[in-house]
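Novice: Input protein.csv, format and content: CSV, C-alpha atoms.
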chain,number,residue,atom,x,y,z
A,14,MET,CA,-18.4,-12.0,10.8
A,15,SER,CA,-19.8,-15.4,11.6
A,16,LYS,CA,-18.1,-17.5,14.3
A,17,LEU,CA,-17.5,-20.1,11.6
A,18,PHE,CA,-15.1,-17.6,10.0
A,19,LYS,CA,-12.5,-18.6,12.4
A,20,LEU,CA,-12.6,-22.2,11.1
A,21,ARG,CA,-11.9,-21.2,7.5
A,22,ASN,CA,-8.5,-21.4,6.0
A,23,TRP,CA,-9.2,-18.9,3.4
A,24,VAL,CA,-11.8,-16.3,2.4
A,25,THR,CA,-12.9,-14.5,-0.7
A,26,ILE,CA,-11.4,-11.1,-1.5
A,27,GLU,CA,-14.7,-9.4,-0.6
A,28,GLU,CA,-14.9,-11.2,2.7
A,29,ALA,CA,-11.3,-10.3,3.4
A,30,ALA,CA,-12.0,-6.6,2.9
A,31,GLN,CA,-15.0,-6.8,5.2
A,32,TYR,CA,-13.0,-8.7,7.9
A,33,LEU,CA,-10.2,-6.1,7.8
A,34,SER,CA,-12.6,-3.2,8.0
A,35,GLU,CA,-14.2,-4.6,11.1
A,36,LYS,CA,-10.8,-5.5,12.7
A,37,ILE,CA,-9.1,-2.1,12.3
A,38,ASN,CA,-12.3,0.0,12.4
A,39,GLU,CA,-11.6,1.5,9.0
A,40,VAL,CA,-13.2,1.1,5.6
A,41,ILE,CA,-11.0,-1.3,3.5
A,42,THR,CA,-12.1,-1.9,0.0
A,43,VAL,CA,-11.3,-4.7,-2.4
A,44,THR,CA,-9.4,-2.2,-4.5
A,45,ASP,CA,-7.2,-1.5,-1.4
A,46,LEU,CA,-6.4,-5.2,-1.1
A,47,TYR,CA,-5.4,-5.4,-4.8
A,48,ARG,CA,-3.1,-2.5,-4.3
A,49,LEU,CA,-1.6,-4.0,-1.1
A,50,ALA,CA,-1.0,-7.3,-3.0
A,51,TYR,CA,0.7,-5.5,-5.9
A,52,GLU,CA,2.9,-3.6,-3.6
A,53,GLY,CA,3.9,-6.8,-1.8
A,54,HIS,CA,2.1,-6.3,1.5
A,55,LEU,CA,-0.5,-9.0,1.0
A,56,GLN,CA,-0.2,-12.5,-0.5
A,57,LEU,CA,-3.2,-13.3,-2.7
A,58,SER,CA,-4.1,-16.8,-3.7
A,59,VAL,CA,-6.5,-18.6,-6.0
A,60,TYR,CA,-8.8,-21.5,-5.4
A,61,LEU,CA,-8.9,-23.6,-8.5
A,62,VAL,CA,-12.6,-24.6,-8.6
A,63,ASN,CA,-12.0,-27.1,-11.3
A,64,ARG,CA,-8.9,-28.9,-12.4
A,65,ALA,CA,-6.3,-26.8,-14.1
A,66,PHE,CA,-3.2,-27.6,-16.1
A,67,ALA,CA,0.4,-26.4,-15.7
A,68,LEU,CA,4.1,-26.9,-16.3
A,69,LYS,CA,6.6,-27.1,-13.5
A,70,GLY,CA,9.6,-24.8,-13.3
A,71,THR,CA,11.6,-22.3,-11.2
A,72,LEU,CA,12.0,-18.6,-11.0
A,73,GLY,CA,15.5,-17.4,-12.0
A,74,GLU,CA,17.2,-14.0,-12.5
A,75,LEU,CA,15.4,-10.7,-13.1
A,76,PHE,CA,14.9,-9.8,-16.7
A,77,CYS,CA,14.0,-6.4,-18.1
A,78,TYR,CA,12.7,-5.9,-21.6
A,79,GLU,CA,11.0,-2.8,-23.1
A,80,ALA,CA,7.2,-3.0,-22.8
A,81,TYR,CA,7.5,-5.9,-20.3
A,82,LEU,CA,7.4,-5.9,-16.5
A,83,THR,CA,10.7,-6.4,-14.8
A,84,GLN,CA,10.3,-9.9,-13.3
A,85,GLN,CA,12.1,-13.1,-12.6
A,86,ALA,CA,12.5,-15.4,-15.6
A,87,PHE,CA,10.5,-18.6,-15.4
A,88,GLU,CA,12.6,-21.6,-16.4
A,89,VAL,CA,10.6,-24.8,-17.3
A,90,HIS,CA,11.9,-28.0,-15.8
A,91,ASP,CA,9.4,-30.5,-17.3
A,92,SER,CA,7.6,-29.8,-20.6
A,93,THR,CA,4.9,-32.3,-19.9
A,94,VAL,CA,1.6,-30.7,-18.9
A,95,PHE,CA,0.0,-32.0,-15.7
A,96,SER,CA,-3.1,-31.2,-13.7
A,97,ILE,CA,-3.3,-29.2,-10.5
A,98,ASP,CA,-6.1,-28.2,-8.1
A,99,GLY,CA,-6.7,-26.7,-4.7
A,100,VAL,CA,-5.2,-23.4,-3.4
A,101,TRP,CA,-2.2,-21.8,-5.0
A,102,ASP,CA,-0.5,-18.5,-4.3
A,103,LEU,CA,0.1,-15.8,-6.9
A,104,THR,CA,3.8,-15.3,-7.4
A,105,MET,CA,3.3,-11.8,-8.8
A,106,GLN,CA,6.1,-12.7,-11.3
A,107,GLY,CA,3.9,-13.3,-14.2
A,108,SER,CA,0.7,-12.0,-16.0
A,109,GLU,CA,-1.1,-12.2,-12.7
A,110,ALA,CA,0.8,-9.1,-11.5
A,111,VAL,CA,-0.5,-7.2,-14.5
A,112,GLU,CA,-4.0,-8.4,-13.8
A,113,ILE,CA,-3.9,-7.4,-10.1
A,114,LYS,CA,-2.5,-4.0,-11.0
A,115,ASN,CA,-5.2,-3.5,-13.5
A,116,LYS,CA,-7.8,-4.4,-10.9
A,117,PHE,CA,-6.7,-1.7,-8.4
A,118,LEU,CA,-6.2,0.9,-11.2
A,119,MET,CA,-9.6,0.3,-12.6
A,120,GLY,CA,-11.0,0.7,-9.1
A,121,ASP,CA,-9.5,4.1,-8.7
A,122,SER,CA,-9.3,5.4,-12.3
A,123,ALA,CA,-9.9,4.5,-15.9
A,124,LEU,CA,-6.2,3.8,-16.4
A,125,LYS,CA,-5.0,0.4,-17.7
A,126,VAL,CA,-1.6,-1.2,-17.6
A,127,THR,CA,0.0,-1.5,-21.0
A,128,THR,CA,3.1,-3.4,-20.0
A,129,ARG,CA,3.0,-7.1,-20.3
A,130,SER,CA,4.7,-10.2,-18.7
A,131,LYS,CA,6.7,-12.7,-20.6
A,132,ASN,CA,6.0,-15.4,-18.1
A,133,GLY,CA,2.3,-16.1,-18.5
A,134,VAL,CA,0.4,-16.8,-15.2
A,135,LEU,CA,2.6,-18.2,-12.5
A,136,LEU,CA,1.4,-19.9,-9.3
A,137,HIS,CA,3.2,-21.3,-6.3
A,138,GLN,CA,2.4,-24.0,-3.7
A,139,ASP,CA,4.6,-25.9,-1.2
A,140,GLY,CA,7.9,-25.1,-3.0
A,141,VAL,CA,6.5,-25.8,-6.5
A,142,THR,CA,6.2,-23.1,-9.1
A,143,CYS,CA,4.0,-23.6,-12.1
A,144,GLN,CA,2.9,-21.8,-15.3
A,145,LEU,CA,-0.8,-22.2,-16.0
A,146,TYR,CA,-1.9,-23.8,-19.3
A,147,LYS,CA,-5.2,-24.3,-20.9
A,148,PHE,CA,-6.7,-26.6,-23.6
A,149,TYR,CA,-5.7,-25.5,-27.1
A,150,ASP,CA,-8.9,-24.6,-28.9
A,151,SER,CA,-8.5,-25.7,-32.6
A,152,THR,CA,-12.0,-24.6,-33.6
A,153,PHE,CA,-10.7,-21.5,-35.3
A,154,ASP,CA,-8.1,-23.5,-37.3
A,155,ASN,CA,-10.9,-25.6,-38.8
A,156,LEU,CA,-13.0,-22.6,-39.9
A,157,ASP,CA,-13.2,-21.6,-43.6
A,158,LEU,CA,-11.8,-18.2,-44.6
A,159,GLU,CA,-15.2,-16.5,-44.4
A,160,ASP,CA,-15.9,-17.7,-40.9
A,161,LYS,CA,-12.4,-16.9,-39.8
A,162,ALA,CA,-12.9,-13.3,-41.1
A,163,ARG,CA,-16.1,-13.0,-39.0
A,164,ALA,CA,-14.4,-14.4,-35.9
A,165,ILE,CA,-11.5,-11.9,-36.3
A,166,ALA,CA,-13.9,-9.0,-36.8
A,167,ASN,CA,-15.6,-10.0,-33.4
A,168,ASP,CA,-12.2,-10.5,-31.7
A,169,PRO,CA,-9.1,-9.1,-33.4
A,170,THR,CA,-6.8,-10.9,-31.0
A,171,MET,CA,-7.8,-14.2,-32.7
A,172,THR,CA,-5.3,-13.2,-35.4
A,173,TRP,CA,-2.2,-13.5,-33.3
A,174,LYS,CA,-3.7,-16.1,-30.9
A,175,HIS,CA,-3.9,-18.6,-33.9
A,176,LEU,CA,-1.0,-17.4,-36.0
A,177,PRO,CA,1.1,-20.5,-36.6
A,178,SER,CA,4.4,-18.8,-36.0
A,179,ILE,CA,3.2,-17.7,-32.5
A,180,VAL,CA,1.0,-20.7,-31.5
A,181,ILE,CA,3.1,-23.7,-32.6
A,182,PRO,CA,6.2,-22.8,-30.4
A,183,ARG,CA,3.8,-22.4,-27.4
A,184,ILE,CA,2.0,-25.7,-27.7
A,185,ARG,CA,2.8,-28.3,-25.1
A,186,PHE,CA,1.4,-31.8,-24.5
A,187,ASP,CA,0.2,-33.9,-21.6
A,188,GLU,CA,1.0,-37.6,-21.2
A,189,PHE,CA,-1.9,-38.4,-23.5
A,190,GLY,CA,-0.8,-36.1,-26.3
A,191,ILE,CA,-3.5,-33.5,-25.7
A,192,LYS,CA,-2.5,-30.0,-26.8
A,193,TYR,CA,-2.2,-27.0,-24.4
A,194,VAL,CA,-1.1,-23.4,-24.6
A,195,PRO,CA,-0.2,-20.9,-21.8
A,196,CYS,CA,-2.9,-19.0,-20.1
A,197,ASP,CA,-2.9,-15.3,-20.7
A,198,GLN,CA,-4.8,-14.4,-17.5
A,199,LEU,CA,-6.3,-16.0,-14.4
A,200,SER,CA,-9.8,-16.0,-15.9
A,201,ASP,CA,-8.6,-18.6,-18.5
A,202,VAL,CA,-9.2,-21.2,-15.8
A,203,ASP,CA,-12.1,-21.7,-13.3
A,204,CYS,CA,-10.7,-20.1,-10.2
A,205,MET,CA,-11.5,-17.5,-7.6
A,206,LEU,CA,-9.2,-14.9,-5.9
A,207,ILE,CA,-8.9,-15.6,-2.2
A,208,VAL,CA,-6.8,-14.6,0.8
A,209,ARG,CA,-5.5,-17.1,3.3
A,210,ARG,CA,-6.5,-16.5,6.9
A,211,ARG,CA,-2.9,-16.4,8.1
A,212,GLU,CA,-2.2,-13.6,5.5
A,213,LEU,CA,-5.0,-11.5,6.9
A,214,GLU,CA,-3.8,-11.9,10.5
A,215,SER,CA,-0.2,-11.0,9.4
A,216,LEU,CA,-1.6,-7.9,7.7
A,217,ILE,CA,-3.5,-6.9,10.8
A,218,GLU,CA,-0.4,-7.2,12.9
A,219,LEU,CA,1.5,-5.1,10.4
A,220,LEU,CA,-1.2,-2.4,10.4
A,221,GLU,CA,-1.2,-2.4,14.2
A,222,VAL,CA,2.5,-1.9,14.4
A,223,THR,CA,2.4,0.9,11.9
A,224,GLN,CA,-0.4,2.6,13.8
A,225,GLN,CA,1.7,2.4,17.0
A,226,ASP,CA,4.7,3.9,15.2
A,227,ASP,CA,2.5,6.8,14.0
A,228,LYS,CA,1.4,7.8,17.5
A,229,PRO,CA,2.6,11.2,18.6
A,230,ILE,CA,5.5,11.1,21.1
A,231,SER,CA,4.3,11.5,24.7
A,232,THR,CA,5.6,14.1,27.2
A,233,ASN,CA,7.4,11.3,29.1
A,234,GLU,CA,9.1,10.0,26.0
A,235,LYS,CA,10.1,13.5,24.9
A,236,ASN,CA,11.6,14.3,28.3
A,237,SER,CA,13.5,11.0,28.2
A,238,LEU,CA,15.0,11.9,24.9
A,239,LEU,CA,15.9,15.4,26.1
A,240,VAL,CA,17.6,14.0,29.2
A,241,LEU,CA,19.5,11.6,27.0
A,242,ILE,CA,20.7,14.4,24.8
A,243,ALA,CA,21.9,16.3,27.8
A,244,ALA,CA,23.8,13.3,29.1
A,245,LEU,CA,25.5,12.8,25.7
A,246,CYS,CA,26.4,16.5,25.5
A,247,ASN,CA,27.9,16.3,29.0
A,248,GLU,CA,29.9,13.1,28.1
A,249,ALA,CA,31.2,14.8,25.0
A,250,ASN,CA,32.1,18.0,26.9
A,251,VAL,CA,29.5,20.0,25.0
A,252,ASP,CA,27.9,22.7,27.0
A,253,TRP,CA,24.4,22.9,25.7
A,254,ASN,CA,23.9,26.2,27.7
A,255,GLN,CA,26.8,27.9,25.9
A,256,ARG,CA,25.9,30.8,23.7
A,257,GLY,CA,26.1,30.0,20.0
A,258,ILE,CA,26.5,26.2,20.7
A,259,SER,CA,23.6,25.5,18.3
A,260,THR,CA,25.8,26.6,15.4
A,261,SER,CA,28.4,24.0,16.3
A,262,LEU,CA,25.7,21.3,16.7
A,263,THR,CA,24.3,22.2,13.2
A,264,VAL,CA,27.6,21.4,11.7
A,265,MET,CA,27.7,18.1,13.6
A,266,THR,CA,24.3,17.1,12.1
A,267,ASP,CA,25.6,18.0,8.6
A,268,HIS,CA,28.5,15.6,9.1
A,269,ILE,CA,26.1,12.7,9.6
A,270,GLY,CA,24.0,13.7,6.6
A,271,ALA,CA,20.9,14.5,8.7
A,272,SER,CA,21.0,18.3,8.9
A,273,LEU,CA,19.0,20.3,11.4
A,274,THR,CA,18.7,24.1,11.3
A,275,ASP,CA,20.2,26.4,13.9
A,276,ASP,CA,16.7,27.5,15.0
A,277,THR,CA,15.5,23.9,15.4
A,278,ILE,CA,18.4,23.0,17.6
A,279,ARG,CA,17.9,26.1,19.8
A,280,LYS,CA,14.3,25.1,20.3
A,281,ILE,CA,15.3,21.6,21.4
A,282,LEU,CA,18.1,22.8,23.7
A,283,LYS,CA,15.7,25.2,25.5
A,284,GLN,CA,13.6,22.3,26.6
A,285,ILE,CA,16.4,20.4,28.3
A,286,PRO,CA,16.3,22.2,31.7
A,287,SER,CA,12.6,21.5,32.2
A,288,ALA,CA,13.1,17.9,31.1
A,289,ILE,CA,16.0,17.4,33.6
A,290,GLU,CA,13.9,19.0,36.3
A,291,SER,CA,11.0,16.6,35.6
A,292,ARG,CA,13.3,13.6,36.0
A,293,SER,CA,15.0,15.0,39.1
A,294,LYS,CA,11.8,15.2,41.2
Starting from the coordinates I provided, produce the structure as structure tokens.

Specialist:
Amino acid sequence: MSKLFKLRNWVTIEEAAQYLSEKINEVITVTDLYRLAYEGHLQLSVYLVNRAFALKGTLGELFCYEAYLTQQAFEVHDSTVFSIDGVWDLTMQGSEAVEIKNKFLMGDSALKVTTRSKNGVLLHQDGVTCQLYKFYDSTFDNLDLEDKARAIANDPTMTWKHLPSIVIPRIRFDEFGIKYVPCDQLSDVDCMLIVRRRELESLIELLEVTQQDDKPISTNEKNSLLVLIAALCNEANVDWNQRGISTSLTVMTDHIGASLTDDTIRKILKQIPSAIESRSK
């Protein structure tokens, strides 16, 4: 990576994958990042290349409806559309979650998410949560019947997108009276998926901690644990050398809901003398 990389506050999703691959010496793909984001390990953001439009609101209680994602309800506070720009974080409580899930599924398989979101696309920045809106295109409404039929043949979704009973309740206005409707996906606005630098560094720290946790236990650590077991047995007046003691210890592990077999316990107890000897030298 270029030295200038350190000066950048955010990078593209492709650059993020390359940076992580170099940092942890393991191939990380864009699909991996999409999955990490969907599972809550990585915060994705968008850079709004051009001005976008939105409504302010807050996230409320979780709601669950058939065929919809279980997400927090978005409650609108101000029904006047306003403009936004810059970098905004994905809340993953709207249609953006479906979009991100589709991206990692399409990268690994031909599967596609069929569940939807009732919230539209939701973004967050500095304590402000917004639902993305776009200009309402009335071109279809002004077509004659024949042209409408052709348009629907090319894009069947035009039927419900312009159905009055669906469209009219969704229309909102800005301060100048211009009509807007909710965005269905991120691509409805001019934006690019990005990752903030601080998010990358946090992910690297998480991966390093996980890697340390996955390391096999060393001989020194094992002996320390065995000595500790011996000390606890001694304090509890349990003779770990006593014949058949493993059966009693098996019952004790059952009582705490983390059962160990008689054979496993015997193998552990047999290692105690050598562990004590190593510590007594």

Novice: Kindly provide the residues of range 41-116 of chain A that approach range 139-153 of chain A to within 9 Å, each paired with its closest atom pair and their distance in Å to one decimal, based on all atoms listed in the file, listed by chain and increasing number, as a tab-separated table.

Specialist:
residue	atom	partner	partner_atom	distance
A:Ala65	CA	A:Lys147	CA	7.3
A:Phe66	CA	A:Tyr146	CA	5.1
A:Ala67	CA	A:Leu145	CA	4.4
A:Leu68	CA	A:Gln144	CA	5.3
A:Lys69	CA	A:Cys143	CA	4.6
A:Gly70	CA	A:Thr142	CA	5.7
A:Thr71	CA	A:Thr142	CA	5.8
A:Leu72	CA	A:Thr142	CA	7.6
A:Phe87	CA	A:Gln144	CA	8.2
A:Val89	CA	A:Cys143	CA	8.5
A:Val94	CA	A:Tyr146	CA	7.7
A:Trp101	CA	A:Asp139	CA	8.8
A:Thr104	CA	A:Thr142	CA	8.3
A:Gly107	CA	A:Gln144	CA	8.6

Novice: Distance CA of Ala271 in chain A-CA of Gln255 in chain A, one decimal place?

Specialist: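 These atoms are spaced 22.6 Å apart.
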
Novice: So, with only C-alpha atoms as the atoms that count, which of A:Arg21, A:Thr42, A:Tyr60, A:Leu49 lies closest to Asp203 in chain A?

Specialist: A:Tyr60

Novice: Residues near Ala243 in chain A, anyone? I mean within 10 Å using all atoms listed in the file, not counting same-chain ones fewer than 2 positions away, as a PDB file with C-alpha atoms, in the frame of the given file.

Specialist:
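Contents of around.pdb, freshly written:
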ATOM      1  CA  SER A 237      13.500  11.000  28.200  1.00  0.00           C
ATOM      2  CA  LEU A 238      15.000  11.900  24.900  1.00  0.00           C
ATOM      3  CA  LEU A 239      15.900  15.400  26.100  1.00  0.00           C
ATOM      4  CA  VAL A 240      17.600  14.000  29.200  1.00  0.00           C
ATOM      5  CA  LEU A 241      19.500  11.600  27.000  1.00  0.00           C
ATOM      6  CA  LEU A 245      25.500  12.800  25.700  1.00  0.00           C
ATOM      7  CA  CYS A 246      26.400  16.500  25.500  1.00  0.00           C
ATOM      8  CA  ASN A 247      27.900  16.300  29.000  1.00  0.00           C
ATOM      9  CA  GLU A 248      29.900  13.100  28.100  1.00  0.00           C
ATOM     10  CA  ALA A 249      31.200  14.800  25.000  1.00  0.00           C
ATOM     11  CA  VAL A 251      29.500  20.000  25.000  1.00  0.00           C
ATOM     12  CA  ASP A 252      27.900  22.700  27.000  1.00  0.00           C
ATOM     13  CA  TRP A 253      24.400  22.900  25.700  1.00  0.00           C
ATOM     14  CA  LEU A 282      18.100  22.800  23.700  1.00  0.00           C
ATOM     15  CA  ILE A 285      16.400  20.400  28.300  1.00  0.00           C
ATOM     16  CA  PRO A 286      16.300  22.200  31.700  1.00  0.00           C
ATOM     17  CA  ALA A 288      13.100  17.900  31.100  1.00  0.00           C
ATOM     18  CA  ILE A 289      16.000  17.400  33.600  1.00  0.00           C
TER      19      ILE A 289
END

Novice: Find the distance between CA of Ile41 in chain A and CA of Arg129 in chain A and write it in Å to one decimal.

Specialist: 28.2 Å

Novice: Quote the spacing between CA of Asp187 in chain A and CA of Val62 in chain A in Å to one decimal place.

Specialist: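 Between CA of Asp187 in chain A and CA of Val62 in chain A the gap is 20.5 Å.
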
Novice: Set the distance at 9 Å and use all atoms listed in the file: which residues neighbour Leu124 in chain A once local chain neighbours fewer than 4 positions away are removed? I'd like the list as a PyMOL selection string.

Specialist: chain A and resi 115+118-119

Novice: Find, counting all atoms listed in the file, the residue in A:Arg211, A:Ser287, A:Asp45, A:Val59 that gets nearest to Lys19 in chain A.

Specialist: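 Looking at the shortest contact to Lys19 in chain A, the residue is A:Arg211.
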
Novice: For Tyr81 in chain A, which residue out of A:Arg48, A:Lys131, A:Ile113, A:Asn63 is the nearest one, using all atoms listed in the file?

Specialist: A:Lys131

Novice: Taking (-4.8, -1.6, -15.0) as a centre in this file's frame and 12 Å as the limit, can you find every polymer residue with an atom that close, using only C-alpha atoms, and give them as a PyMOL selection string?

Specialist: chain A and resi 44+47-48+51+108-129

Novice: Looking at all atoms listed in the file, which of A:Ile278, A:Leu273, A:Leu33, A:Arg185 is the one that sits closest to Asp91 in chain A?

Specialist: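 Of A:Ile278, A:Leu273, A:Leu33, A:Arg185, the one nearest Asp91 in chain A, counting all atoms listed in the file, is A:Arg185.
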
Novice: Which residues come within 10 Å of Thr274 in chain A, counting all atoms listed in the file, excluding same-chain residues fewer than 5 positions away, as an mmCIF file with C-alpha atoms, keeping the file's coordinate frame?

Specialist:
data_model
loop_
_atom_site.group_PDB
_atom_site.id
_atom_site.type_symbol
_atom_site.label_atom_id
_atom_site.label_comp_id
_atom_site.auth_asym_id
_atom_site.auth_seq_id
_atom_site.Cartn_x
_atom_site.Cartn_y
_atom_site.Cartn_z
ATOM 1 C CA SER A 259 23.600 25.500 18.300
ATOM 2 C CA THR A 260 25.800 26.600 15.400
ATOM 3 C CA LEU A 262 25.700 21.300 16.700
ATOM 4 C CA THR A 263 24.300 22.200 13.200
ATOM 5 C CA VAL A 264 27.600 21.400 11.700
ATOM 6 C CA THR A 266 24.300 17.100 12.100
ATOM 7 C CA ASP A 267 25.600 18.000 8.600
ATOM 8 C CA ARG A 279 17.900 26.100 19.800
#

Novice: For a quick check of understanding, using all atoms listed in the file, which of A:Phe18, A:Ala166, A:Gln106, A:Asn38 has the smallest distance to Val134 in chain A?

Specialist: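 Using all atoms listed in the file, Val134 in chain A sits closest to A:Gln106.
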
Novice: Can you patch up range 56-67 of chain A, filling it in to N, CA, C and O atoms, and show the result as a PDB file, in the coordinates of the input?

Specialist:
ATOM      1  N   GLN A  56      -0.323 -11.323   0.415  1.00  0.00           N
ATOM      2  CA  GLN A  56      -0.200 -12.500  -0.500  1.00  0.00           C
ATOM      3  C   GLN A  56      -1.642 -12.874  -0.935  1.00  0.00           C
ATOM      4  O   GLN A  56      -2.456 -13.274  -0.108  1.00  0.00           O
ATOM      5  N   LEU A  57      -1.924 -12.763  -2.220  1.00  0.00           N
ATOM      6  CA  LEU A  57      -3.200 -13.300  -2.700  1.00  0.00           C
ATOM      7  C   LEU A  57      -3.012 -14.672  -3.267  1.00  0.00           C
ATOM      8  O   LEU A  57      -1.916 -15.060  -3.687  1.00  0.00           O
ATOM      9  N   SER A  58      -4.095 -15.424  -3.240  1.00  0.00           N
ATOM     10  CA  SER A  58      -4.100 -16.800  -3.700  1.00  0.00           C
ATOM     11  C   SER A  58      -5.270 -17.034  -4.626  1.00  0.00           C
ATOM     12  O   SER A  58      -6.145 -16.174  -4.744  1.00  0.00           O
ATOM     13  N   VAL A  59      -5.290 -18.196  -5.255  1.00  0.00           N
ATOM     14  CA  VAL A  59      -6.500 -18.600  -6.000  1.00  0.00           C
ATOM     15  C   VAL A  59      -6.903 -19.979  -5.602  1.00  0.00           C
ATOM     16  O   VAL A  59      -6.077 -20.832  -5.261  1.00  0.00           O
ATOM     17  N   TYR A  60      -8.200 -20.150  -5.591  1.00  0.00           N
ATOM     18  CA  TYR A  60      -8.800 -21.500  -5.400  1.00  0.00           C
ATOM     19  C   TYR A  60      -9.221 -21.988  -6.723  1.00  0.00           C
ATOM     20  O   TYR A  60     -10.076 -21.380  -7.374  1.00  0.00           O
ATOM     21  N   LEU A  61      -8.602 -23.068  -7.167  1.00  0.00           N
ATOM     22  CA  LEU A  61      -8.900 -23.600  -8.500  1.00  0.00           C
ATOM     23  C   LEU A  61     -10.215 -24.474  -8.296  1.00  0.00           C
ATOM     24  O   LEU A  61     -10.186 -25.571  -7.734  1.00  0.00           O
ATOM     25  N   VAL A  62     -11.309 -23.919  -8.765  1.00  0.00           N
ATOM     26  CA  VAL A  62     -12.600 -24.600  -8.600  1.00  0.00           C
ATOM     27  C   VAL A  62     -12.655 -25.897  -9.322  1.00  0.00           C
ATOM     28  O   VAL A  62     -13.151 -26.899  -8.796  1.00  0.00           O
ATOM     29  N   ASN A  63     -12.137 -25.909 -10.526  1.00  0.00           N
ATOM     30  CA  ASN A  63     -12.000 -27.100 -11.300  1.00  0.00           C
ATOM     31  C   ASN A  63     -10.554 -27.418 -11.586  1.00  0.00           C
ATOM     32  O   ASN A  63      -9.700 -26.552 -11.393  1.00  0.00           O
ATOM     33  N   ARG A  64     -10.280 -28.577 -12.057  1.00  0.00           N
ATOM     34  CA  ARG A  64      -8.900 -28.900 -12.400  1.00  0.00           C
ATOM     35  C   ARG A  64      -8.306 -27.999 -13.388  1.00  0.00           C
ATOM     36  O   ARG A  64      -8.955 -27.603 -14.352  1.00  0.00           O
ATOM     37  N   ALA A  65      -7.058 -27.622 -13.166  1.00  0.00           N
ATOM     38  CA  ALA A  65      -6.300 -26.800 -14.100  1.00  0.00           C
ATOM     39  C   ALA A  65      -5.085 -27.517 -14.567  1.00  0.00           C
ATOM     40  O   ALA A  65      -4.789 -28.615 -14.084  1.00  0.00           O
ATOM     41  N   PHE A  66      -4.349 -26.897 -15.482  1.00  0.00           N
ATOM     42  CA  PHE A  66      -3.200 -27.600 -16.100  1.00  0.00           C
ATOM     43  C   PHE A  66      -1.975 -26.636 -16.009  1.00  0.00           C
ATOM     44  O   PHE A  66      -2.116 -25.411 -16.057  1.00  0.00           O
ATOM     45  N   ALA A  67      -0.792 -27.237 -15.911  1.00  0.00           N
ATOM     46  CA  ALA A  67       0.400 -26.400 -15.700  1.00  0.00           C
ATOM     47  C   ALA A  67       1.674 -27.127 -16.094  1.00  0.00           C
ATOM     48  O   ALA A  67       1.678 -28.338 -16.330  1.00  0.00           O
TER      49      ALA A  67
END
